[in-house]
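Okay, structure first, notes after.
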Amino acid sequence: MVGFTGQVFFIDAKVPAVIIGAVRDGDVAVAGFGERAGPGRPAPDGDTILRIGFITKAFTGDALAHMTAKGTVFALTDPLTKWQPDLGPGVNGDIERVTLLNLATHAGGFPREVPHEASPDNDPFATITRDAFAA
């Protein structure tokens with residue numbers, strides 16, 4: 001169903017590429033259509049790194065609200081490091097002050113852009129790695 005829905009959306013939207021995913025009862029399905037940054041490149045997939053801009057506020061806020069309502073997260077004032085221990089003490093002193101609410105409101109003090117080396121004009125984010133994003 002994810003593949004069919006994604007294909008229909010991709011054709012209808014007339015965009016260069018689409019990644020669509022769904023989660024139901026713990027089962028995850030991801031499908032990509034189109035091309036990554038130019039003709040002949042493979043379709044994007046679940047491992048493709050891309051910018052999604054301000055929509056992250058809605059995703060983060062909605063996910064945290066659901067997790068709080070279900071009791072998975074007990075307080076939006078919890079530090080991020082409680083839920084992401086690999087970012088804990090000794091990794092980065094500043095990250096220890098960031099709360100879940102800071103993430104939802106984009107008030108955590110993170111830079112607007114992930115620092116990265118210069119990229120080709122046709123793919124300005126090609127040199128952003130997962131390690132750079134995590135750092």
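We name chains A, B, ... following the order of the structure tokens; residues begin at 1 in each chain, and ligands are numbered from 1 as shown.
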Skipping near chain neighbours, those fewer than 6 positions away, what residues fall within 7 Å of A:Leu76 using only C-alpha atoms, listed as a list in words? Thr99, Leu100 and Leu101 of chain A
Residues of chain A in strand (DSSP E) according to DSSP, as a list in words?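 The residues of chain A classed as strand (DSSP E) are Ala17, Val18, Ile19, Ile20, Gly21, Ala22, Val23, Arg24, Asp27, Val28, Ala29, Val30, Ala31, Gly32, Phe33 and Gly34 of chain A.
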To test your reading of the structure, identify every residue in chain A that backbone DSSP assigns to helix (DSSP H, G or I), and report it as a PyMOL selection string. chain A and resi 2-13+55-70+80-83+85-87+93-97+100-105+130-134
Give me a file of those residues, with C-alpha atoms, as a short mmCIF file (atom, residue, chain, number, x, y, z; two decimals), in the first residue's frame.
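Wrote it out as result_7.cif, contents follow:
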data_model
loop_
_atom_site.label_atom_id
_atom_site.label_comp_id
_atom_site.auth_asym_id
_atom_site.auth_seq_id
_atom_site.Cartn_x
_atom_site.Cartn_y
_atom_site.Cartn_z
CA VAL A 2 2.87 2.39 0.80
CA GLY A 3 4.48 1.75 -2.57
CA PHE A 4 1.23 2.22 -4.48
CA THR A 5 0.25 5.38 -2.57
CA GLY A 6 3.73 6.82 -2.95
CA GLN A 7 3.81 6.14 -6.69
CA VAL A 8 0.42 7.80 -7.21
CA PHE A 9 1.47 10.83 -5.14
CA PHE A 10 4.82 11.09 -6.94
CA ILE A 11 3.16 11.08 -10.37
CA ASP A 12 0.39 13.46 -9.33
CA ALA A 13 2.65 15.97 -7.51
CA ILE A 55 7.84 20.99 9.47
CA THR A 56 10.10 19.42 12.11
CA LYS A 57 8.35 21.57 14.73
CA ALA A 58 5.04 19.92 13.91
CA PHE A 59 6.56 16.42 13.80
CA THR A 60 8.43 16.88 17.06
CA GLY A 61 5.55 18.53 18.90
CA ASP A 62 3.04 15.93 17.74
CA ALA A 63 5.32 12.99 18.59
CA LEU A 64 6.09 14.38 22.04
CA ALA A 65 2.42 15.10 22.75
CA HIS A 66 1.48 11.52 21.84
CA MET A 67 4.35 10.09 23.90
CA THR A 68 3.37 12.23 26.90
CA ALA A 69 -0.30 11.21 26.61
CA LYS A 70 0.69 7.51 26.43
CA LEU A 80 17.02 15.17 26.05
CA THR A 81 19.88 13.10 27.49
CA LYS A 82 17.38 11.09 29.56
CA TRP A 83 15.95 9.72 26.31
CA PRO A 85 21.82 8.66 26.59
CA ASP A 86 24.51 8.59 23.89
CA LEU A 87 24.34 12.41 24.02
CA GLY A 93 28.10 20.04 28.01
CA ASP A 94 25.56 22.26 26.25
CA ILE A 95 23.33 19.34 25.23
CA GLU A 96 22.74 18.42 28.87
CA ARG A 97 20.63 21.59 29.30
CA LEU A 100 12.20 17.84 25.18
CA LEU A 101 10.19 21.07 25.20
CA ASN A 102 13.23 22.88 23.76
CA LEU A 103 13.18 20.42 20.87
CA ALA A 104 9.47 20.94 20.23
CA THR A 105 9.81 24.72 20.20
CA ARG A 130 25.04 11.49 9.82
CA ASP A 131 28.06 12.09 12.09
CA ALA A 132 28.03 15.83 11.28
CA PHE A 133 24.31 15.97 11.98
CA ALA A 134 24.72 14.17 15.31
#
Can you tell me, as a list in words, what residues are no more than 12 Å from A:Ile128 when counting only C-alpha atoms, ignoring any on the same chain fewer than 5 positions away?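 The residues satisfying every condition are Thr48, Ile49, Leu50, Arg51, Glu113, Val114, Pro115, His116, Glu117, Ala118, Ser119, Pro120, Asp123, Phe133, Ala134 and Ala135 of chain A.
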Can you measure atom CA of A:Pro16 to atom CA of A:Thr127 for me? One decimal in Å is fine.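 Straight-line distance from atom CA of A:Pro16 to atom CA of A:Thr127 works out to 20.0 Å.
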